[in-house]
Structures are given as structure tokens and as C-alpha cells.
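A.B. asks: This is entry.txt (compact mmCIF, C-alpha atoms).
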```
# COMPACT_ATOMS: atom_id res chain seq x y z
CA MET A 18 -53.00 -122.26 -6.16
CA SER A 19 -50.48 -124.36 -7.78
CA VAL A 20 -47.68 -122.07 -8.77
CA GLY A 21 -46.02 -124.89 -6.91
CA ALA A 22 -46.26 -127.22 -9.81
CA ILE A 23 -43.93 -125.74 -12.37
CA THR A 24 -40.66 -127.55 -12.67
CA LEU A 25 -37.65 -125.91 -14.18
CA ALA A 26 -34.20 -127.13 -14.90
CA PRO A 27 -31.39 -125.12 -13.30
CA ASP A 28 -30.69 -123.36 -16.59
CA GLY A 29 -34.26 -122.16 -16.77
CA SER A 30 -35.35 -124.46 -19.55
CA ARG A 31 -38.45 -126.41 -18.90
CA CYS A 32 -38.16 -129.61 -16.91
CA ARG A 33 -35.08 -130.95 -18.59
CA TYR A 34 -33.76 -132.70 -15.52
CA TYR A 35 -37.04 -133.71 -14.00
CA GLU A 36 -38.10 -137.19 -14.83
CA TRP A 37 -41.84 -136.77 -14.38
CA CYS A 38 -41.75 -134.35 -17.19
CA MET A 39 -39.56 -136.36 -19.52
CA THR A 40 -41.67 -139.47 -19.23
CA ARG A 41 -45.23 -138.47 -18.59
CA TRP A 42 -46.49 -141.69 -20.07
CA GLN A 43 -44.29 -143.79 -17.81
CA PRO A 44 -44.23 -142.09 -14.47
CA ASN A 45 -40.97 -142.24 -12.59
CA ALA A 46 -40.57 -142.54 -8.84
CA ARG A 47 -41.27 -138.87 -8.08
CA GLY A 48 -44.31 -138.77 -10.33
CA ARG A 49 -45.64 -142.06 -8.97
CA LEU A 50 -45.21 -140.86 -5.40
CA GLU A 51 -46.94 -137.60 -6.20
CA GLN A 52 -49.89 -139.33 -7.85
CA ALA A 53 -50.18 -141.87 -5.03
CA ALA A 54 -50.06 -139.10 -2.41
CA LEU A 55 -52.73 -136.98 -4.13
CA ALA A 56 -54.99 -140.01 -4.51
CA LEU A 57 -54.60 -140.96 -0.84
CA TYR A 58 -55.05 -137.39 0.44
CA ALA A 59 -58.28 -137.25 -1.54
CA GLU A 60 -59.51 -140.64 -0.28
CA ARG A 61 -58.49 -140.47 3.38
CA GLY A 62 -57.63 -136.85 4.00
CA PHE A 63 -54.14 -135.41 4.32
CA ASP A 64 -53.94 -135.97 8.08
CA ASN A 65 -54.86 -139.65 7.84
CA THR A 66 -52.26 -140.51 5.24
CA THR A 67 -48.75 -141.62 6.19
CA VAL A 68 -45.55 -141.69 4.17
CA ALA A 69 -45.69 -145.49 4.46
CA ASP A 70 -49.15 -145.46 2.84
CA ILE A 71 -47.91 -143.31 -0.02
CA ALA A 72 -44.84 -145.44 -0.67
CA ALA A 73 -46.92 -148.64 -0.60
CA ARG A 74 -49.53 -147.22 -3.01
CA ALA A 75 -46.75 -146.17 -5.38
CA GLY A 76 -45.09 -149.60 -5.10
CA LEU A 77 -41.92 -148.00 -3.72
CA THR A 78 -40.09 -147.90 -0.40
CA GLU A 79 -40.27 -145.17 2.24
CA ARG A 80 -36.60 -144.66 1.63
CA THR A 81 -37.33 -143.78 -1.98
CA PHE A 82 -40.02 -141.37 -0.79
CA PHE A 83 -37.52 -139.53 1.38
CA ARG A 84 -35.06 -139.32 -1.48
CA HIS A 85 -37.63 -137.16 -3.27
CA PHE A 86 -39.55 -135.35 -0.52
CA ALA A 87 -38.69 -134.16 2.98
CA ASP A 88 -42.17 -135.05 4.26
CA LYS A 89 -45.73 -135.64 3.10
CA ARG A 90 -46.48 -131.93 2.96
CA GLU A 91 -43.64 -131.29 0.57
CA VAL A 92 -45.39 -133.42 -2.05
CA LEU A 93 -47.84 -130.53 -2.32
CA PHE A 94 -45.37 -127.65 -2.10
CA TRP A 95 -42.08 -128.85 -3.62
CA GLY A 96 -42.41 -126.72 -6.75
CA ALA A 97 -43.12 -123.35 -5.13
CA GLY A 98 -39.46 -122.34 -5.01
CA SER A 99 -38.78 -123.02 -8.67
CA SER A 100 -42.04 -121.36 -9.71
CA GLN A 101 -41.08 -118.24 -7.81
CA GLU A 102 -37.63 -118.33 -9.39
CA PHE A 103 -39.17 -118.65 -12.84
CA LEU A 104 -41.53 -115.70 -12.29
CA VAL A 105 -38.84 -113.50 -10.78
CA ARG A 106 -36.42 -114.24 -13.60
CA THR A 107 -39.06 -113.63 -16.26
CA VAL A 108 -39.96 -110.26 -14.74
CA ALA A 109 -36.27 -109.32 -14.32
CA ASP A 110 -35.55 -110.21 -17.95
CA ALA A 111 -38.53 -108.35 -19.42
CA SER A 112 -37.76 -105.52 -21.81
CA ASP A 113 -37.25 -102.15 -20.14
CA ALA A 114 -39.87 -100.74 -22.48
CA MET A 115 -42.54 -102.89 -20.81
CA ALA A 116 -44.78 -101.28 -18.20
CA PRO A 117 -44.39 -103.03 -14.81
CA ILE A 118 -47.92 -104.44 -14.92
CA ASP A 119 -47.28 -105.87 -18.38
CA ALA A 120 -44.04 -107.51 -17.23
CA ILE A 121 -45.93 -109.15 -14.35
CA ALA A 122 -48.80 -110.19 -16.62
CA ALA A 123 -46.44 -111.71 -19.20
CA ALA A 124 -44.58 -113.68 -16.51
CA LEU A 125 -47.82 -115.03 -15.04
CA GLU A 126 -49.11 -115.98 -18.48
CA ALA A 127 -45.87 -117.86 -19.18
CA ALA A 128 -46.21 -119.65 -15.84
CA GLY A 129 -49.82 -120.42 -16.72
CA ALA A 130 -48.72 -122.08 -19.93
CA LEU A 131 -46.30 -124.29 -18.00
CA LEU A 132 -49.01 -125.26 -15.55
CA GLN A 133 -51.51 -126.05 -18.28
CA GLU A 134 -50.47 -129.66 -18.79
CA ARG A 135 -50.71 -130.30 -15.04
CA ARG A 136 -54.34 -129.25 -14.83
CA GLU A 137 -55.66 -132.51 -13.42
CA LEU A 138 -52.94 -132.73 -10.76
CA ALA A 139 -53.43 -129.05 -9.94
CA ARG A 140 -57.16 -129.63 -9.54
CA GLN A 141 -56.63 -132.61 -7.23
CA ARG A 142 -54.05 -130.67 -5.23
CA GLN A 143 -56.34 -127.69 -4.82
CA THR A 144 -59.21 -129.83 -3.51
CA ILE A 145 -56.90 -131.21 -0.83
CA ILE A 146 -55.54 -127.82 0.14
CA VAL A 147 -58.95 -126.16 0.40
CA ALA A 148 -60.11 -128.95 2.72
CA ASN A 149 -57.23 -128.47 5.16
CA PRO A 150 -56.79 -125.13 7.00
CA GLU A 151 -53.10 -125.73 7.70
CA LEU A 152 -52.35 -126.44 4.07
CA ARG A 153 -54.40 -123.43 3.05
CA GLU A 154 -52.38 -121.23 5.38
CA ARG A 155 -49.18 -122.61 3.90
CA GLU A 156 -50.44 -121.89 0.38
CA LEU A 157 -51.27 -118.31 1.35
CA ILE A 158 -47.80 -117.82 2.84
CA LYS A 159 -46.24 -119.05 -0.41
CA LEU A 160 -48.33 -116.57 -2.40
CA ALA A 161 -47.41 -113.75 -0.01
CA SER A 162 -43.70 -114.59 -0.43
CA LEU A 163 -44.18 -114.61 -4.17
CA SER A 164 -45.77 -111.17 -4.02
CA THR A 165 -42.86 -109.86 -1.94
CA ALA A 166 -40.31 -111.34 -4.34
CA LEU A 167 -42.05 -109.86 -7.38
CA ALA A 168 -42.26 -106.43 -5.73
CA ASP A 169 -38.51 -106.63 -4.97
CA THR A 170 -37.81 -107.50 -8.58
CA LEU A 171 -39.83 -104.51 -9.76
CA ARG A 172 -37.91 -102.25 -7.36
CA GLN A 173 -34.69 -103.52 -8.91
CA ARG A 174 -36.12 -102.44 -12.26
CA GLY A 175 -36.50 -98.95 -10.82
CA VAL A 176 -40.21 -99.08 -9.97
CA LYS A 177 -40.95 -96.92 -6.92
CA ASP A 178 -43.18 -97.80 -4.01
CA PRO A 179 -46.11 -98.13 -3.54
CA ALA A 180 -46.37 -98.90 -7.27
CA ALA A 181 -44.01 -101.90 -6.94
CA SER A 182 -46.03 -103.53 -4.13
CA LEU A 183 -49.37 -102.69 -5.73
CA THR A 184 -48.34 -104.13 -9.09
CA ALA A 185 -47.15 -107.35 -7.47
CA GLU A 186 -50.29 -107.63 -5.33
CA ALA A 187 -52.50 -106.99 -8.34
CA GLY A 188 -50.67 -109.77 -10.20
CA ILE A 189 -51.22 -112.24 -7.37
CA ALA A 190 -54.88 -111.20 -7.10
CA VAL A 191 -55.40 -111.82 -10.81
CA PHE A 192 -53.55 -115.13 -10.65
CA LYS A 193 -55.68 -116.34 -7.72
CA VAL A 194 -58.94 -115.51 -9.47
CA ALA A 195 -57.82 -116.91 -12.84
CA PHE A 196 -56.47 -120.07 -11.22
CA GLU A 197 -59.75 -120.71 -9.43
CA ARG A 198 -61.70 -120.26 -12.65
CA TRP A 199 -59.31 -122.61 -14.43
CA ILE A 200 -59.62 -125.30 -11.77
CA ASN A 201 -63.37 -125.05 -11.36
CA GLU A 202 -64.79 -124.24 -14.71
CA THR A 203 -66.06 -126.98 -16.93
CA ASN A 204 -65.33 -125.10 -20.12
CA GLN A 205 -61.60 -125.79 -19.81
CA GLN A 206 -60.31 -122.45 -21.03
CA ASP A 207 -56.55 -122.43 -20.79
CA LEU A 208 -54.91 -120.79 -17.80
CA SER A 209 -52.85 -118.25 -19.76
CA GLY A 210 -55.96 -117.03 -21.50
CA LEU A 211 -57.82 -116.75 -18.21
CA ILE A 212 -54.95 -114.76 -16.71
CA ARG A 213 -54.96 -112.37 -19.67
CA GLU A 214 -58.74 -112.04 -19.50
CA SER A 215 -58.68 -111.42 -15.75
CA PHE A 216 -56.12 -108.63 -16.12
CA GLY A 217 -58.50 -107.02 -18.58
CA GLU A 218 -61.41 -107.46 -16.17
CA LEU A 219 -59.40 -105.95 -13.34
CA LYS A 220 -58.67 -102.90 -15.45
CA ALA A 221 -62.37 -102.55 -16.24
CA VAL A 222 -63.31 -103.01 -12.58
CA LEU A 223 -60.89 -100.32 -11.47
CA ALA A 224 -62.19 -97.98 -14.10
CA GLY A 225 -65.53 -98.31 -12.29
CA GLN A 226 -67.22 -100.40 -14.97
CA MET B 93 -52.78 -106.23 9.08
CA SER B 94 -54.99 -105.20 11.79
CA VAL B 95 -58.49 -105.24 10.40
CA GLY B 96 -58.70 -107.18 13.62
CA ALA B 97 -58.71 -104.09 15.72
CA ILE B 98 -62.01 -102.43 14.94
CA THR B 99 -64.57 -102.92 17.63
CA LEU B 100 -68.23 -102.52 16.93
CA ALA B 101 -71.25 -102.75 19.13
CA PRO B 102 -73.88 -105.27 17.99
CA ASP B 103 -76.01 -102.50 16.55
CA GLY B 104 -73.15 -101.37 14.37
CA SER B 105 -72.36 -98.22 16.30
CA ARG B 106 -68.78 -97.77 17.21
CA CYS B 107 -67.52 -99.43 20.35
CA ARG B 108 -70.47 -98.61 22.54
CA TYR B 109 -70.19 -101.76 24.63
CA TYR B 110 -66.46 -102.11 24.63
CA GLU B 111 -64.80 -100.66 27.62
CA TRP B 112 -61.37 -100.05 26.12
CA CYS B 113 -62.98 -97.65 23.78
CA MET B 114 -65.08 -95.85 26.34
CA THR B 115 -62.19 -95.20 28.68
CA ARG B 116 -59.04 -94.87 26.69
CA TRP B 117 -57.36 -92.85 29.40
CA GLN B 118 -58.13 -95.43 32.06
CA PRO B 119 -57.74 -98.78 30.46
CA ASN B 120 -60.16 -101.43 31.61
CA ALA B 121 -59.38 -105.12 32.05
CA ARG B 122 -59.55 -105.99 28.36
CA GLY B 123 -57.42 -103.04 27.36
CA ARG B 124 -54.88 -103.70 30.12
CA LEU B 125 -54.62 -107.35 29.12
CA GLU B 126 -54.17 -106.41 25.49
CA GLN B 127 -51.44 -103.89 26.27
CA ALA B 128 -49.68 -106.28 28.63
CA ALA B 129 -49.82 -109.07 26.05
CA LEU B 130 -48.45 -106.90 23.23
CA ALA B 131 -45.62 -105.67 25.48
CA LEU B 132 -44.69 -109.22 26.52
CA TYR B 133 -44.93 -110.63 22.99
CA ALA B 134 -42.54 -107.88 21.90
CA GLU B 135 -40.12 -108.45 24.78
CA ARG B 136 -40.06 -112.27 24.96
CA GLY B 137 -41.69 -113.39 21.75
CA PHE B 138 -45.20 -114.78 21.39
CA ASP B 139 -44.17 -118.39 22.01
CA ASN B 140 -42.37 -117.58 25.26
CA THR B 141 -45.26 -115.70 26.83
CA THR B 142 -47.90 -117.46 28.92
CA VAL B 143 -51.39 -116.37 29.91
CA ALA B 144 -50.13 -116.27 33.50
CA ASP B 145 -47.41 -113.79 32.44
CA ILE B 146 -49.96 -111.57 30.72
CA ALA B 147 -52.37 -111.57 33.66
CA ALA B 148 -49.53 -110.81 36.09
CA ARG B 149 -48.22 -107.92 33.97
CA ALA B 150 -51.73 -106.49 33.76
CA GLY B 151 -52.20 -106.90 37.51
CA LEU B 152 -55.16 -109.20 36.94
CA THR B 153 -55.95 -112.88 37.40
CA GLU B 154 -55.81 -115.60 34.76
CA ARG B 155 -59.50 -116.06 35.34
CA THR B 156 -60.10 -112.47 34.25
CA PHE B 157 -57.95 -113.11 31.17
CA PHE B 158 -60.14 -116.03 30.15
CA ARG B 159 -63.27 -113.97 30.64
CA HIS B 160 -62.01 -111.74 27.81
CA PHE B 161 -59.97 -114.03 25.55
CA ALA B 162 -60.12 -117.72 24.70
CA ASP B 163 -56.32 -117.95 24.53
CA LYS B 164 -53.22 -115.83 24.05
CA ARG B 165 -53.60 -115.84 20.28
CA GLU B 166 -57.07 -114.35 20.48
CA VAL B 167 -55.59 -111.18 21.98
CA LEU B 168 -54.23 -110.53 18.49
CA PHE B 169 -57.23 -111.67 16.45
CA TRP B 170 -60.35 -111.00 18.52
CA GLY B 171 -61.53 -108.12 16.36
CA ALA B 172 -61.33 -109.80 12.95
CA GLY B 173 -64.95 -110.97 13.02
CA SER B 174 -66.43 -107.58 13.84
CA SER B 175 -64.17 -105.85 11.30
CA GLN B 176 -65.37 -108.21 8.60
CA GLU B 177 -68.96 -107.62 9.66
CA PHE B 178 -68.44 -103.86 9.50
CA LEU B 179 -66.93 -104.02 6.01
CA VAL B 180 -69.57 -106.39 4.68
CA ARG B 181 -72.39 -104.26 6.05
CA THR B 182 -70.88 -101.07 4.70
CA VAL B 183 -70.55 -102.57 1.21
CA ALA B 184 -74.06 -104.05 1.38
CA ASP B 185 -75.52 -100.69 2.41
CA ALA B 186 -73.71 -98.65 -0.23
CA SER B 187 -75.88 -96.81 -2.74
CA ASP B 188 -76.77 -98.86 -5.82
CA ALA B 189 -75.40 -96.03 -7.92
CA MET B 190 -71.91 -96.70 -6.62
CA ALA B 191 -69.54 -98.74 -8.79
CA PRO B 192 -68.45 -101.94 -6.97
CA ILE B 193 -64.86 -100.75 -6.64
CA ASP B 194 -66.04 -97.47 -5.10
CA ALA B 195 -68.24 -99.32 -2.60
CA ILE B 196 -65.23 -101.41 -1.55
CA ALA B 197 -62.96 -98.36 -1.39
CA ALA B 198 -65.46 -96.41 0.73
CA ALA B 199 -65.86 -99.31 3.18
CA LEU B 200 -62.10 -99.72 3.55
CA GLU B 201 -61.63 -95.99 4.07
CA ALA B 202 -64.29 -96.04 6.79
CA ALA B 203 -62.54 -98.99 8.44
CA GLY B 204 -59.26 -97.11 8.13
CA ALA B 205 -60.75 -94.17 10.02
CA LEU B 206 -61.83 -96.49 12.85
CA LEU B 207 -58.36 -98.02 13.01
CA GLN B 208 -56.63 -94.66 13.03
CA GLU B 209 -56.77 -94.15 16.78
CA ARG B 210 -55.26 -97.59 17.36
CA ARG B 211 -52.17 -96.90 15.30
CA GLU B 212 -49.64 -97.61 18.05
CA LEU B 213 -51.32 -100.87 19.07
CA ALA B 214 -51.65 -101.84 15.41
CA ARG B 215 -47.94 -101.18 14.88
CA GLN B 216 -46.95 -103.28 17.90
CA ARG B 217 -49.31 -106.05 16.82
CA GLN B 218 -47.91 -106.09 13.30
CA THR B 219 -44.31 -106.39 14.53
CA ILE B 220 -45.29 -109.47 16.54
CA ILE B 221 -47.21 -111.06 13.69
CA VAL B 222 -44.46 -110.53 11.13
CA ALA B 223 -41.97 -112.19 13.49
CA ASN B 224 -44.04 -115.36 13.88
CA PRO B 225 -44.84 -117.54 10.83
CA GLU B 226 -47.87 -119.16 12.46
CA LEU B 227 -49.40 -115.81 13.33
CA ARG B 228 -48.63 -114.54 9.86
CA GLU B 229 -50.42 -117.52 8.34
CA ARG B 230 -53.40 -116.85 10.57
CA GLU B 231 -53.46 -113.20 9.49
CA LEU B 232 -53.37 -114.23 5.83
CA ILE B 233 -56.28 -116.63 6.37
CA LYS B 234 -58.30 -113.82 7.96
CA LEU B 235 -57.62 -111.57 4.98
CA ALA B 236 -58.54 -114.37 2.56
CA SER B 237 -61.85 -114.90 4.42
CA LEU B 238 -62.47 -111.18 4.27
CA SER B 239 -61.89 -111.19 0.52
CA THR B 240 -64.33 -114.09 0.10
CA ALA B 241 -66.96 -112.34 2.24
CA LEU B 242 -66.61 -109.08 0.29
CA ALA B 243 -66.89 -110.93 -3.04
CA ASP B 244 -70.06 -112.65 -1.78
CA THR B 245 -71.51 -109.29 -0.77
CA LEU B 246 -70.79 -107.88 -4.22
CA ARG B 247 -72.49 -110.91 -5.82
CA GLN B 248 -75.56 -110.19 -3.70
CA ARG B 249 -75.48 -106.68 -5.17
CA GLY B 250 -75.67 -108.27 -8.61
CA VAL B 251 -71.98 -108.06 -9.55
CA LYS B 252 -71.02 -110.97 -11.80
CA ASP B 253 -67.88 -113.08 -11.57
CA PRO B 254 -64.98 -112.71 -12.07
CA ALA B 255 -65.59 -108.99 -11.43
CA ALA B 256 -66.84 -109.67 -7.88
CA SER B 257 -63.75 -111.68 -6.89
CA LEU B 258 -61.37 -109.32 -8.65
CA THR B 259 -62.87 -106.24 -6.99
CA ALA B 260 -62.65 -107.84 -3.55
CA GLU B 261 -59.07 -109.02 -4.17
CA ALA B 262 -58.07 -105.58 -5.43
CA GLY B 263 -59.52 -104.05 -2.27
CA ILE B 264 -57.55 -106.40 -0.04
CA ALA B 265 -54.39 -105.76 -2.07
CA VAL B 266 -54.79 -102.00 -1.64
CA PHE B 267 -55.55 -102.37 2.04
CA LYS B 268 -52.43 -104.49 2.63
CA VAL B 269 -50.16 -102.01 0.88
CA ALA B 270 -51.77 -98.95 2.53
CA PHE B 271 -51.69 -100.60 5.94
CA GLU B 272 -48.00 -101.38 5.62
CA ARG B 273 -47.24 -97.80 4.63
CA TRP B 274 -49.31 -96.53 7.55
CA ILE B 275 -47.52 -98.77 10.04
CA ASN B 276 -44.02 -98.15 8.73
CA GLU B 277 -43.90 -94.62 7.55
CA THR B 278 -42.65 -91.93 9.81
CA ASN B 279 -44.75 -89.24 8.17
CA GLN B 280 -47.89 -90.45 9.92
CA GLN B 281 -50.31 -89.93 7.06
CA ASP B 282 -53.70 -91.20 8.11
CA LEU B 283 -54.79 -94.66 7.02
CA SER B 284 -57.95 -93.56 5.17
CA GLY B 285 -55.91 -91.16 3.09
CA LEU B 286 -53.33 -93.83 2.32
CA ILE B 287 -56.08 -96.22 1.24
CA ARG B 288 -57.58 -93.60 -1.07
CA GLU B 289 -54.15 -92.76 -2.47
CA SER B 290 -53.29 -96.43 -3.01
CA PHE B 291 -56.51 -97.02 -4.95
CA GLY B 292 -55.47 -94.15 -7.19
CA GLU B 293 -51.98 -95.63 -7.58
CA LEU B 294 -53.43 -99.03 -8.45
CA LYS B 295 -55.53 -97.48 -11.18
CA ALA B 296 -52.46 -95.74 -12.57
CA VAL B 297 -50.41 -98.95 -12.37
CA LEU B 298 -53.04 -100.94 -14.25
CA ALA B 299 -53.25 -98.26 -16.87
CA GLY B 300 -49.58 -99.06 -17.52
CA GLN B 301 -48.22 -95.85 -16.01
```
Can the structure in the file be given as C-alpha cells, please?
C.D. replies:
Amino acid sequence: MSVGAITLAPDGSRCRYYEWCMTRWQPNARGRLEQAALALYAERGFDNTTVADIAARAGLTERTFFRHFADKREVLFWGAGSSQEFLVRTVADASDAMAPIDAIAAALEAAGALLQERRELARQRQTIIVANPELRERELIKLASLSTALADTLRQRGVKDPAASLTAEAGIAVFKVAFERWINETNQQDLSGLIRESFGELKAVLAGQ
Amino acid sequence: MSVGAITLAPDGSRCRYYEWCMTRWQPNARGRLEQAALALYAERGFDNTTVADIAARAGLTERTFFRHFADKREVLFWGAGSSQEFLVRTVADASDAMAPIDAIAAALEAAGALLQERRELARQRQTIIVANPELRERELIKLASLSTALADTLRQRGVKDPAASLTAEAGIAVFKVAFERWINETNQQDLSGLIRESFGELKAVLAGQ
């Protein structure tokens, strides 16, 4: 799951201060390090790749690596915080007239649209994570935190429990399934559309269809 | 989450070969070790407890400990495999006339009934797991495997994707929320009832209520 990959500027606009996003055609240090790391993790495995390897592949120094990432794992998870922030803010800002499940669905669809242009990186990242139990556990923890944060946000909107927790969990469930379809399918449907479709499917499933 | 705590005999009957279950009022070695471990994890933390401590508290030898558990973590997770087996078999055996979501709900309710008598142990276990990120990650991995296994079982019943994955994920979501209510609430509703109620709530939530 690559909620991790959305980058937001502090004011909530998309990517303004993040170089990889401003210059996709001319990757900056962060983007080059990320691409080098993903390539090496795929070739040698995450455990067999060092920060020195990544820096060398990117044509940069280890010092530059550590200016951008705390360690080699953070290359895979650096965006989780800002993604969570984006989703929480989008749910908090949704119109009061919106049903909780629709506020969650709209936020996830918006996140899906941001992720769309990172499909290839997200796909590479997912392959690495699935192959490594520790990384998979970390990914699951991030999704569990996201679910908790979204449930809290719904409570602040006046949603009672267990509806708040169930709505958040349903959102994460839909996102997981839609994300996997997006990553794996050859038909290249866009992620937002798959999220919308999966919410519809979940409704049908729960109605016993 | 303590799906981990259901014990089944190889033939699927409940607990026949497991001593803790046969003699609840006179705990056997396994049960004594489990209780001692949970008490020590709560008092000193999981990381600060050794197998020697657990054996001593239970009045048994380390050798006896290792006859029952591979390591101190397994005391918390030994039942996950048999719980998964129970759920998978129950879903596989459900009447063809049952909607997939109802087959999942019935299996989880049956598991909830088995867990009911272990409420106090489940509560202690959960407190320990929540306090320790590594244990929490392990718990999440177990639930993710369970979701995958249930989705596979639904596919074998002819359920197409994404409905199979979504139904399994919805089941896990409901179980998580119901389990947390069961563990935390003072009103002591039974777990099966909470699972049934939470499925109803999820339907209402998805209908935009």
C-alpha cells in the first residue's frame, strides 16, 4: 500500500516544495535516491542493499542520502505521515451534509488521484514490501494508524462509536483491495475509479449480493 | 485481537486434546505457563521477561516450557493457526445458499463463542500486545493472513474478485471493532453478539446512515 507516496506542501497544496514533483523529468537528489533504492531493493533484496550502494547508484554521497532519509527503510515509508495528514484534513473539511462513509470515500479517492502518477514507483515499492515480512508488518502498522486517525477525525465530526471505527476500517479495507487491483491489473484503470468501484462492491457484498 | 486463543482438536472438535480446556479449574502445565507469562508480561513488560522467569513463576522447568512453546512470543500467538483453520473450515462448510458475507459472519460469530470463556486472558493478552509495537505488528500480520485465507476460501466457493477480498476484509474489520468493544467495555456483552451487532452497524454505515 503506498499511501506513503503522496507528497504535500505544508499548506496542503500538492507537492509545491518537493523537488521530485516539480521536476519529474529531471529527478533531483531525493527522487534519484528513491529510484536507485527501489531498483537495488528489487535486484538484491532490501536486506542486501546498503545506504552506500544506494548513494553510489544515484551518483550521490551517503551524506546526501542522510540529508533526505533517516535510513534505508525510510525511503519506502517517508510519505506515510503526509498522506495521513492529507486524508485526515480532507475528512475534517468535508461538508457536514456528507455521510461519514462518503467523506471517507471522497478523501480516499482524492488520495488515489494524487497517487496515480506514481503508479510505477508504487508498483515497485509494493513488490519489495510483499517480499519482506518486516516491511509488510511496518506497512500494516501504518495502515492501522491511518484507520485510528480517520476514526478519531470522524468522532470529532460527531460520529458515534462503533460507527466511527467501522467506517474508518471499511475505508481502509476498500483502499487495500482497490490498491492491489490497481497495482496488479494490466488494464490500468485509475486508482480513484477503482476505489469508487470497490466502495460500490462493498455495499453490494454487505447487502448479501 | 485474540483469534489466537481458540484451541481445536485435530478433528475439529473443541479442545479435546488440550489440557487447559479440559481442566480449567486445575490448570495444567500449558495453562500455568500461559497465565504466568501473561502476568509477567503485564508486570515487567514483554521484553523484560525471560523464559526462565515464566517457568519459575509457573513452578515448572524451562524444559517443560519448551515442550509447550517454541519461545516466549509463541505464548501469545500459538492459537492463531488453529483459529484460522476453524474459520476457514466453517466458511468452506457453510451452506451454498448462504450469501458470502453471511458465511463469514456466521464463522466469526462461532469463533466469538469459543473465545468467550477466555475473555480475561484475551484482555490481558491484548494489553500486552498494544503496549509492544513488535507484537502489534505480528498481530496485524496474523489478521492479514486470516483475511487472505478467508478470501481464498470464498473464491473456492465461486465468489469472484473483488467481492471475495472485500467480504473477507469486511469480516476482519468487523471482528477487530467488535473484539475491541468486547475487551474494553464494562458491560460485558458477549463477543458473538457484538460481532452480529457490528455487522449490522457496518451495513447501516455503508448505506450512508
A.B. asks: Neighbourhood query: residues within 12 Å of (-48.7, -141.9, -9.3), file coordinates, counting all atoms listed in the file; return as number ranges by chain.
C.D. replies: A: 37, 41-57, 71-77, 92, 138
A.B. asks: Which residues of chain B sit at most 8 Å from chain A, using all atoms listed in the file? Give each one's shortest atom pair and distance in Å (one decimal place), in chain and ascending residue order, as JSON lines.
C.D. replies:
```
{"residue": "B:Ala191", "atom": "CA", "partner": "A:Gly225", "partner_atom": "CA", "distance": 5.3}
{"residue": "B:Pro192", "atom": "CA", "partner": "A:Gly225", "partner_atom": "CA", "distance": 7.1}
{"residue": "B:Ile193", "atom": "CA", "partner": "A:Gly225", "partner_atom": "CA", "distance": 6.2}
{"residue": "B:Asp194", "atom": "CA", "partner": "A:Gly225", "partner_atom": "CA", "distance": 7.3}
{"residue": "B:Arg228", "atom": "CA", "partner": "A:Ile158", "partner_atom": "CA", "distance": 7.8}
{"residue": "B:Glu229", "atom": "CA", "partner": "A:Glu154", "partner_atom": "CA", "distance": 5.1}
{"residue": "B:Arg230", "atom": "CA", "partner": "A:Glu154", "partner_atom": "CA", "distance": 6.9}
{"residue": "B:Leu232", "atom": "CA", "partner": "A:Leu157", "partner_atom": "CA", "distance": 6.4}
{"residue": "B:Ile233", "atom": "CA", "partner": "A:Glu154", "partner_atom": "CA", "distance": 6.1}
{"residue": "B:Pro254", "atom": "CA", "partner": "A:Val194", "partner_atom": "CA", "distance": 7.1}
{"residue": "B:Ala255", "atom": "CA", "partner": "A:Glu218", "partner_atom": "CA", "distance": 6.5}
{"residue": "B:Ser257", "atom": "CA", "partner": "A:Val194", "partner_atom": "CA", "distance": 6.7}
{"residue": "B:Leu258", "atom": "CA", "partner": "A:Leu219", "partner_atom": "CA", "distance": 6.1}
{"residue": "B:Thr259", "atom": "CA", "partner": "A:Val222", "partner_atom": "CA", "distance": 6.5}
{"residue": "B:Glu261", "atom": "CA", "partner": "A:Ala190", "partner_atom": "CA", "distance": 5.6}
{"residue": "B:Ala262", "atom": "CA", "partner": "A:Ala187", "partner_atom": "CA", "distance": 6.4}
{"residue": "B:Ala265", "atom": "CA", "partner": "A:Glu186", "partner_atom": "CA", "distance": 5.6}
{"residue": "B:Val266", "atom": "CA", "partner": "A:Leu183", "partner_atom": "CA", "distance": 6.8}
{"residue": "B:Val269", "atom": "CA", "partner": "A:Ser182", "partner_atom": "CA", "distance": 6.7}
{"residue": "B:Ser290", "atom": "CA", "partner": "A:Pro179", "partner_atom": "CA", "distance": 7.4}
{"residue": "B:Glu293", "atom": "CA", "partner": "A:Ala180", "partner_atom": "CA", "distance": 6.5}
{"residue": "B:Leu294", "atom": "CA", "partner": "A:Leu183", "partner_atom": "CA", "distance": 6.1}
{"residue": "B:Lys295", "atom": "CA", "partner": "A:Leu223", "partner_atom": "CA", "distance": 6.1}
{"residue": "B:Val297", "atom": "CA", "partner": "A:Thr184", "partner_atom": "CA", "distance": 6.5}
{"residue": "B:Leu298", "atom": "CA", "partner": "A:Lys220", "partner_atom": "CA", "distance": 6.1}
{"residue": "B:Ala299", "atom": "CA", "partner": "A:Lys220", "partner_atom": "CA", "distance": 7.3}
{"residue": "B:Gly300", "atom": "CA", "partner": "A:Ala116", "partner_atom": "CA", "distance": 5.3}
{"residue": "B:Gln301", "atom": "CA", "partner": "A:Ala116", "partner_atom": "CA", "distance": 6.8}
```
A.B. asks: So what do you get for CA of Ile287 (chain B) versus CA of Val183 (chain B), distance-wise?
C.D. replies: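 We find that CA of Ile287 (chain B) and CA of Val183 (chain B) lie 15.8 Å from each other.
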A.B. asks: Residues near Asp282 (chain B), anyone? I mean within 8 Å using only C-alpha atoms, not counting same-chain ones fewer than 5 positions away, as a PyMOL selection string.
C.D. replies: chain B and resi 205+208+274
A.B. asks: Just the number, please: distance in Å from CA of Gln101 (chain A) to CA of Asp169 (chain A), one decimal.
C.D. replies: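 Separating CA of Gln101 (chain A) from CA of Asp169 (chain A) is a distance of 12.2 Å.
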A.B. asks: How far is it from CA of Val251 (chain B) to CA of Ala199 (chain B), in Å with one decimal?
C.D. replies: 16.6 Å
A.B. asks: Let me make sure I understand: among B:Ser187, B:Ser284, B:Thr245, B:Asn224, which one has the smallest atom-to-atom distance to Leu200 (chain B) if we use all atoms listed in the file?
C.D. replies: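 With all atoms listed in the file as the atom set, the closest residue is B:Ser284.
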